[in-house]
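Visitor: Next comes the structure file data36.txt, holding compact mmCIF, C-alpha atoms (C1' of nucleotides).
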# COMPACT_ATOMS: atom_id res chain seq x y z
CA MET A 1 19.40 -28.58 74.73
CA PRO A 2 19.55 -25.04 76.11
CA GLU A 3 17.22 -22.50 74.61
CA THR A 4 19.89 -20.94 72.51
CA ILE A 5 23.04 -22.32 70.98
CA ASP A 6 26.15 -20.17 70.89
CA ILE A 7 26.37 -18.61 67.44
CA GLN A 8 30.00 -19.60 67.14
CA LEU A 9 29.21 -23.31 67.45
CA LYS A 10 27.10 -23.10 64.30
CA LYS A 11 29.87 -21.58 62.21
CA GLY A 12 30.79 -23.90 59.42
CA VAL A 13 28.09 -26.42 60.33
CA LEU A 14 24.98 -24.92 58.74
CA GLY A 15 26.04 -25.71 55.21
CA LEU A 16 26.45 -29.36 56.14
CA CYS A 17 23.01 -29.36 57.75
CA VAL A 18 21.44 -27.90 54.62
CA LEU A 19 23.12 -30.55 52.49
CA ALA A 20 21.77 -33.23 54.82
CA VAL A 21 18.24 -31.82 54.74
CA LEU A 22 18.32 -31.68 50.94
CA ALA A 23 19.68 -35.22 50.75
CA ARG A 24 16.37 -36.28 52.28
CA ASN A 25 14.03 -34.13 50.19
CA GLU A 26 14.17 -31.23 47.80
CA SER A 27 12.95 -28.18 49.63
CA TYR A 28 12.50 -24.43 49.51
CA ALA A 29 14.56 -22.00 51.60
CA TYR A 30 11.85 -20.93 54.02
CA GLU A 31 11.07 -24.57 54.81
CA ILE A 32 14.75 -25.47 55.23
CA ALA A 33 15.07 -22.49 57.55
CA SER A 34 12.11 -23.61 59.57
CA HIS A 35 13.58 -27.10 59.82
CA LEU A 36 16.97 -25.85 61.00
CA SER A 37 15.41 -23.33 63.34
CA ASP A 38 13.66 -26.22 65.10
CA ALA A 39 16.65 -28.55 65.00
CA ILE A 40 19.51 -26.23 65.98
CA GLY A 41 18.12 -22.75 66.53
CA MET A 42 19.28 -21.18 63.30
CA GLY A 43 17.86 -17.71 62.60
CA GLU A 44 15.41 -17.53 59.68
CA GLY A 45 17.24 -14.74 57.88
CA THR A 46 20.44 -16.76 57.90
CA ILE A 47 19.24 -19.13 55.21
CA TYR A 48 19.25 -16.83 52.18
CA PRO A 49 22.91 -15.75 52.17
CA LEU A 50 23.81 -19.37 52.90
CA MET A 51 21.73 -20.79 50.01
CA ARG A 52 23.15 -18.14 47.71
CA ARG A 53 26.68 -19.13 48.68
CA MET A 54 25.94 -22.81 48.15
CA GLN A 55 24.40 -22.08 44.76
CA THR A 56 27.44 -20.02 43.79
CA ASP A 57 29.64 -22.92 44.87
CA GLY A 58 27.63 -25.26 42.63
CA LEU A 59 26.42 -27.46 45.48
CA VAL A 60 22.71 -26.90 44.77
CA ALA A 61 20.45 -26.21 41.81
CA THR A 62 17.16 -24.31 41.96
CA TYR A 63 13.71 -24.17 40.36
CA MET A 64 10.52 -22.22 41.09
CA VAL A 65 7.22 -23.75 42.12
CA GLU A 66 3.87 -21.99 42.47
CA SER A 67 2.69 -21.87 46.05
CA PRO A 68 -0.87 -22.70 47.21
CA ALA A 69 -0.63 -19.60 49.42
CA GLY A 70 1.74 -16.68 49.19
CA PRO A 71 4.48 -16.07 46.63
CA SER A 72 6.25 -18.72 44.53
CA ARG A 73 8.76 -20.91 46.25
CA LYS A 74 12.37 -21.31 45.19
CA TYR A 75 13.17 -25.00 45.50
CA TYR A 76 16.65 -26.43 45.95
CA LYS A 77 18.13 -29.80 45.14
CA LEU A 78 21.60 -31.22 45.49
CA THR A 79 23.96 -31.37 42.55
CA ASP A 80 26.58 -34.11 42.15
CA ALA A 81 29.08 -31.71 43.70
CA GLY A 82 26.63 -31.17 46.55
CA ARG A 83 26.38 -34.89 47.23
CA ALA A 84 30.16 -35.18 47.20
CA ALA A 85 30.45 -32.22 49.57
CA LEU A 86 27.90 -33.80 51.90
CA GLU A 87 29.98 -36.99 52.16
CA ALA A 88 33.21 -35.12 52.71
CA GLN A 89 31.80 -32.67 55.24
CA ARG A 90 29.91 -35.42 57.11
CA ASP A 91 33.16 -37.36 57.54
CA GLU A 92 34.96 -34.19 58.60
CA TRP A 93 32.25 -33.31 61.13
CA ARG A 94 32.24 -36.82 62.59
CA GLY A 95 36.01 -36.87 62.96
CA PHE A 96 36.00 -33.45 64.55
CA ALA A 97 33.05 -34.12 66.87
CA SER A 98 34.62 -37.41 67.99
CA ALA A 99 37.90 -35.67 68.74
CA VAL A 100 36.11 -33.01 70.79
CA ASP A 101 34.06 -35.69 72.62
CA ALA A 102 37.28 -37.54 73.42
CA LEU A 103 38.71 -34.37 74.96
CA LEU A 104 35.57 -33.94 77.04
CA GLU A 105 35.69 -37.42 78.51
CA PRO A 106 37.34 -37.48 81.95
CA LEU A 107 40.43 -39.63 81.99
CA PRO A 108 40.08 -42.87 83.97
CA ALA A 109 41.58 -42.52 87.43
CA THR A 110 45.22 -43.61 87.34
CA PRO A 111 46.49 -45.72 90.25
CA ALA A 112 49.05 -44.00 92.43
CA PRO A 113 52.59 -44.98 91.38
CA LEU A 114 54.24 -47.62 93.58
CA GLU A 115 56.94 -46.42 95.92
CA GLU A 116 60.45 -47.38 94.89
CA ALA A 117 61.92 -50.28 96.85
CA MET B 118 40.14 -37.46 60.41
CA PRO B 119 41.23 -35.46 57.37
CA GLU B 120 44.53 -33.66 57.57
CA THR B 121 42.96 -30.30 58.23
CA ILE B 122 39.71 -29.32 59.90
CA ASP B 123 37.72 -26.42 58.52
CA ILE B 124 38.55 -23.36 60.60
CA GLN B 125 34.88 -22.52 61.00
CA LEU B 126 34.11 -25.80 62.76
CA LYS B 127 36.50 -24.85 65.54
CA LYS B 128 34.81 -21.51 66.18
CA GLY B 129 33.40 -21.48 69.64
CA VAL B 130 34.76 -24.93 70.47
CA LEU B 131 38.35 -24.20 71.42
CA GLY B 132 37.49 -22.59 74.73
CA LEU B 133 35.54 -25.67 75.73
CA CYS B 134 38.48 -27.87 74.77
CA VAL B 135 40.84 -25.78 76.87
CA LEU B 136 38.50 -26.05 79.85
CA ALA B 137 38.39 -29.82 79.38
CA VAL B 138 42.17 -30.11 79.16
CA LEU B 139 42.59 -28.02 82.32
CA ALA B 140 39.96 -30.08 84.13
CA ARG B 141 42.37 -33.00 83.76
CA ASN B 142 45.58 -31.22 84.73
CA GLU B 143 46.88 -27.72 85.28
CA SER B 144 49.03 -26.83 82.31
CA TYR B 145 50.91 -24.09 80.54
CA ALA B 146 49.81 -22.50 77.28
CA TYR B 147 52.41 -24.00 75.00
CA GLU B 148 51.58 -27.48 76.28
CA ILE B 149 47.84 -26.92 75.93
CA ALA B 150 48.48 -25.72 72.39
CA SER B 151 50.50 -28.81 71.60
CA HIS B 152 47.74 -31.00 72.99
CA LEU B 153 45.03 -29.29 70.96
CA SER B 154 47.20 -29.21 67.86
CA ASP B 155 47.42 -33.00 68.05
CA ALA B 156 43.76 -33.52 68.96
CA ILE B 157 42.00 -31.11 66.61
CA GLY B 158 44.59 -29.31 64.52
CA MET B 159 44.58 -26.00 66.32
CA GLY B 160 47.36 -23.59 65.36
CA GLU B 161 49.97 -22.88 68.04
CA GLY B 162 49.60 -19.12 67.94
CA THR B 163 45.90 -19.38 68.54
CA ILE B 164 46.30 -20.31 72.18
CA TYR B 165 47.56 -17.01 73.59
CA PRO B 166 44.68 -14.70 72.62
CA LEU B 167 42.32 -17.46 73.74
CA MET B 168 43.96 -17.91 77.15
CA ARG B 169 43.98 -14.14 77.63
CA ARG B 170 40.28 -13.97 76.86
CA MET B 171 39.53 -16.81 79.27
CA GLN B 172 41.61 -15.15 81.96
CA THR B 173 39.77 -11.86 81.40
CA ASP B 174 36.49 -13.76 81.67
CA GLY B 175 37.63 -15.19 84.99
CA LEU B 176 37.54 -18.80 83.84
CA VAL B 177 41.20 -19.50 84.60
CA ALA B 178 43.86 -18.37 87.05
CA THR B 179 47.59 -18.29 86.33
CA TYR B 180 50.94 -18.72 88.04
CA MET B 181 54.54 -18.84 86.81
CA VAL B 182 56.84 -21.86 87.11
CA GLU B 183 60.57 -22.01 86.34
CA SER B 184 61.30 -24.22 83.37
CA PRO B 185 64.08 -26.87 83.25
CA ALA B 186 64.84 -25.55 79.76
CA GLY B 187 63.82 -22.29 78.17
CA PRO B 188 61.90 -19.39 79.69
CA SER B 189 59.46 -19.61 82.62
CA ARG B 190 56.10 -21.19 81.97
CA LYS B 191 52.79 -19.54 82.62
CA TYR B 192 50.56 -22.22 84.16
CA TYR B 193 46.76 -22.14 84.07
CA LYS B 194 44.16 -23.71 86.31
CA LEU B 195 40.40 -23.59 86.34
CA THR B 196 38.53 -21.26 88.63
CA ASP B 197 35.12 -22.11 90.06
CA ALA B 198 33.63 -20.07 87.23
CA GLY B 199 35.73 -22.09 84.82
CA ARG B 200 34.41 -25.36 86.14
CA ALA B 201 30.85 -24.08 85.90
CA ALA B 202 31.51 -22.91 82.33
CA LEU B 203 32.92 -26.32 81.46
CA GLU B 204 29.75 -28.06 82.62
CA ALA B 205 27.47 -25.64 80.84
CA GLN B 206 29.45 -25.63 77.59
CA ARG B 207 29.87 -29.40 77.62
CA ASP B 208 26.09 -29.81 77.88
CA GLU B 209 25.58 -27.24 75.15
CA TRP B 210 28.10 -28.95 72.86
CA ARG B 211 26.55 -32.37 73.40
CA GLY B 212 23.05 -31.12 72.68
CA PHE B 213 24.23 -29.34 69.58
CA ALA B 214 26.39 -32.20 68.30
CA SER B 215 23.52 -34.66 68.86
CA ALA B 216 21.15 -32.41 66.94
CA VAL B 217 23.59 -32.16 64.05
CA ASP B 218 24.16 -35.94 64.10
CA ALA B 219 20.40 -36.48 64.01
CA LEU B 220 20.19 -34.29 60.91
CA LEU B 221 22.96 -36.28 59.28
CA GLU B 222 21.29 -39.65 59.82
CA PRO B 223 19.40 -40.79 56.73
CA LEU B 224 15.71 -41.21 57.44
CA PRO B 225 14.52 -44.84 57.54
CA ALA B 226 12.87 -45.81 54.29
CA THR B 227 9.15 -45.17 54.57
CA PRO B 228 6.83 -47.76 53.00
CA ALA B 229 4.88 -46.50 50.03
CA PRO B 230 1.40 -45.38 51.13
CA LEU B 231 -1.39 -47.86 50.40
CA GLU B 232 -3.60 -47.01 47.49
CA GLU B 233 -7.08 -45.89 48.48
CA ALA B 234 -9.78 -48.52 47.97
C1' DA C 235 -8.09 -0.79 51.18
C1' DT C 236 -6.21 -3.22 54.94
C1' DA C 237 -4.40 -7.02 57.67
C1' DT C 238 -2.20 -11.31 57.96
C1' DA C 239 0.67 -14.99 56.60
C1' DT C 240 3.98 -16.75 53.57
C1' DA C 241 8.31 -16.29 51.10
C1' DC C 242 12.12 -14.02 49.67
C1' DC C 243 16.34 -11.03 50.03
C1' DT C 244 20.53 -7.71 51.15
C1' DT C 245 23.67 -5.54 54.02
C1' DG C 246 26.44 -4.21 57.96
C1' DC C 247 28.09 -5.97 62.21
C1' DA C 248 30.15 -8.97 65.80
C1' DT C 249 32.88 -12.63 66.86
C1' DC C 250 36.69 -15.73 66.76
C1' DA C 251 40.41 -18.78 64.66
C1' DA C 252 44.51 -18.16 62.10
C1' DC C 253 48.91 -16.64 61.54
C1' DA C 254 52.56 -13.51 60.43
C1' DG C 255 55.84 -11.47 62.80
C1' DG C 256 57.89 -10.65 66.80
C1' DT C 257 60.47 -10.91 71.76
C1' DA C 258 62.95 -13.53 75.12
C1' DG C 259 65.34 -17.18 78.00
C1' DC C 260 68.09 -21.33 78.37
C1' DT C 261 71.28 -24.86 76.67
C1' DT C 262 74.72 -26.48 73.66
C1' DG C 263 78.43 -26.10 70.44
C1' DT C 264 82.15 -23.54 68.35
C1' DA D 265 81.73 -14.21 73.22
C1' DC D 266 78.78 -15.54 69.87
C1' DA D 267 75.64 -18.43 67.09
C1' DA D 268 72.25 -21.91 66.67
C1' DG D 269 68.45 -24.44 68.21
C1' DC D 270 64.73 -25.11 71.11
C1' DT D 271 61.25 -23.63 74.22
C1' DA D 272 57.75 -20.27 75.50
C1' DC D 273 55.35 -16.33 75.06
C1' DC D 274 52.70 -12.51 72.71
C1' DT D 275 50.00 -8.89 69.60
C1' DG D 276 47.63 -7.05 65.70
C1' DT D 277 45.51 -7.77 61.38
C1' DT D 278 42.81 -10.57 58.33
C1' DG D 279 39.06 -13.37 56.65
C1' DA D 280 34.87 -16.14 57.03
C1' DT D 281 30.35 -16.83 58.68
C1' DG D 282 26.00 -16.45 61.46
C1' DC D 283 22.92 -12.90 62.84
C1' DA D 284 19.33 -9.82 62.43
C1' DA D 285 17.58 -5.48 61.06
C1' DG D 286 15.19 -3.85 57.52
C1' DG D 287 13.13 -4.44 53.45
C1' DT D 288 10.11 -6.20 49.07
C1' DA D 289 6.51 -9.05 47.20
C1' DT D 290 2.44 -12.27 46.68
C1' DA D 291 -1.89 -14.48 47.98
C1' DT D 292 -5.89 -14.74 50.86
C1' DA D 293 -9.42 -13.03 53.91
C1' DT D 294 -12.08 -9.30 55.60
Before anything else, please render the file you have as structure tokens.

Guide:
Amino acid sequence: MPETIDIQLKKGVLGLCVLAVLARNESYAYEIASHLSDAIGMGEGTIYPLMRRMQTDGLVATYMVESPAGPSRKYYKLTDAGRAALEAQRDEWRGFASAVDALLEPLPATPAPLEEA
Amino acid sequence: MPETIDIQLKKGVLGLCVLAVLARNESYAYEIASHLSDAIGMGEGTIYPLMRRMQTDGLVATYMVESPAGPSRKYYKLTDAGRAALEAQRDEWRGFASAVDALLEPLPATPAPLEEA
DNA sequence: ATATATACCTTGCATCAACAGGTAGCTTGT
DNA sequence: ACAAGCTACCTGTTGATGCAAGGTATATAT
């Protein structure tokens, strides 16, 4: 993977990635950001507006946990709506990605048409 | 694939799709639009600003062809820069899509850790 | 008191897909 | 001659989202 991914490619995908990360384990924003920074090069500061939006949309719920070092951490977990959104968006992503992959495949070489008798 | 794809998912991807379509055959905008409308639900009117941008970026060259019905058609073909962009963007897309797919895979169940003796 | 690391957050900006609204040419039918 | 339908093209405005600059705050170590 190149060092940086075009910002536009990530549009609309980050929310799905957050849902997928939270489906594995409950997590706090800074940790999710670190995860997604490693996986797909997402900027750290991107996570907070995104988590706020997802909370507003009812896809996640939050709770605070004391940290062993530094300030308290705001943990996130999926709601039922979040799980439903994950399924729907995963299917949508897979359909879309498959369609794009199909476009990117070169067509098999077609034999030259036979000359008319 | 659901009836409609989230607009945000298409951000940044349409140019790559156009390059891929033109790698197969030279084509005119309306036809490219029809192709991409079928493949990934792109709106017809979206094609013209996109083709203009790609032409400005030197990725495509154009020529006019009389049409058997209706007005003349503006055909597009890839330039050398366009072919290079196709390769680079295809690699970028594949790396990105693979990374997203990896995030979407559920982790294998991990065995419970053994209790300490 | 200061430095460092962790953790959180808001806001303005850039970019691009959508699409409304439009022009124009050709064919066919009246 | 005109209207309708189809093909083909095009621009400007809008809206959504990722980015990143800039900031606050807490805990630990020195």

Visitor: Per residue of chain C within 9 Å of chain B, what are the shortest atom pair and its distance in Å to one decimal, counting all atoms listed in the file, with rows by chain and residue number, as CSV?

Guide:
residue,atom,partner,partner_atom,distance
C:DC250,C1',B:Lys128,CA,6.1
C:DA251,C1',B:Ile124,CA,6.4
C:DA252,C1',B:Thr163,CA,6.7
C:DC253,C1',B:Gly162,CA,6.9
C:DA258,C1',B:Pro188,CA,7.5
C:DG259,C1',B:Pro188,CA,4.4
C:DC260,C1',B:Gly187,CA,4.4
C:DT261,C1',B:Ala186,CA,7.2

Visitor: For CA of Val138 (chain B) and CA of Leu195 (chain B), determine how far apart the two atoms are, in Å to one decimal place.

Guide: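 Taking CA of Val138 (chain B) as the start and CA of Leu195 (chain B) as the end point, the length is 9.9 Å.
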
Visitor: At a cut-off of 10 Å, which residues of chain A touch chain B? Count only C-alpha atoms and give the answer as number ranges by chain.

Guide: A: 1-14, 16-21, 23-24, 35-36, 38-41, 86, 88-107

Visitor: Which value, in Å to one decimal, gives the distance between C1' of DA267 (chain D) and C1' of DT264 (chain C)?

Guide: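 Pair C1' of DA267 (chain D) / C1' of DT264 (chain C) returns 8.4 Å.
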
Visitor: Record the distance separating CA of Arg83 (chain A) and CA of Val60 (chain A), expressed in Å with one decimal.

Guide: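 CA of Arg83 (chain A) sits 9.1 Å away from CA of Val60 (chain A).
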
Visitor: Mind dumping a table of every chain D residue within 12 Å of chain A, with the nearest atom pair and its distance in Å to one decimal, using all atoms listed in the file, sorted by chain and rising number, as CSV?

Guide:
residue,atom,partner,partner_atom,distance
D:DA280,C1',A:Lys11,CA,9.0
D:DT281,C1',A:Lys11,CA,5.9
D:DG282,C1',A:Ile7,CA,6.4
D:DC283,C1',A:Thr46,CA,6.7
D:DA284,C1',A:Gly45,CA,7.0
D:DA285,C1',A:Gly45,CA,9.8
D:DG286,C1',A:Gly45,CA,11.1
D:DG287,C1',A:Gly45,CA,11.9
D:DT288,C1',A:Pro71,CA,11.6
D:DA289,C1',A:Pro71,CA,7.3
D:DT290,C1',A:Pro71,CA,4.3
D:DA291,C1',A:Gly70,CA,4.4
D:DT292,C1',A:Ala69,CA,7.3
D:DA293,C1',A:Ala69,CA,11.9

Visitor: Which residues come within 8 Å of Glu143 (chain B), counting all atoms listed in the file, excluding same-chain residues fewer than 6 positions away, as a list of chain:residue names?

Guide: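 Here the qualifying residues turn out to be B:Tyr192, B:Tyr193, B:Lys194, B:Leu195.
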
Visitor: Just the residues within 12 Å of Arg169 (chain B), please, counting only C-alpha atoms (C1' of nucleotides), with nothing from its chain fewer than 6 positions along; format it as a VMD selection string.

Guide: (chain B and resid 132 146 163 175 to 179 191 193) or (chain D and resid 273 to 275)

Visitor: I'd like the box whose edges run along x, y and z of the file and which contains every listed atom of region 274-288 of chain D, padded by 5 Å per side; could you state its centre and edge lengths in Å, one decimal, as lines of an AutoDock Vina configuration file?

Guide:
center_x = 31.4
center_y = -10.3
center_z = 60.9
size_x = 52.6
size_y = 23.0
size_z = 33.6
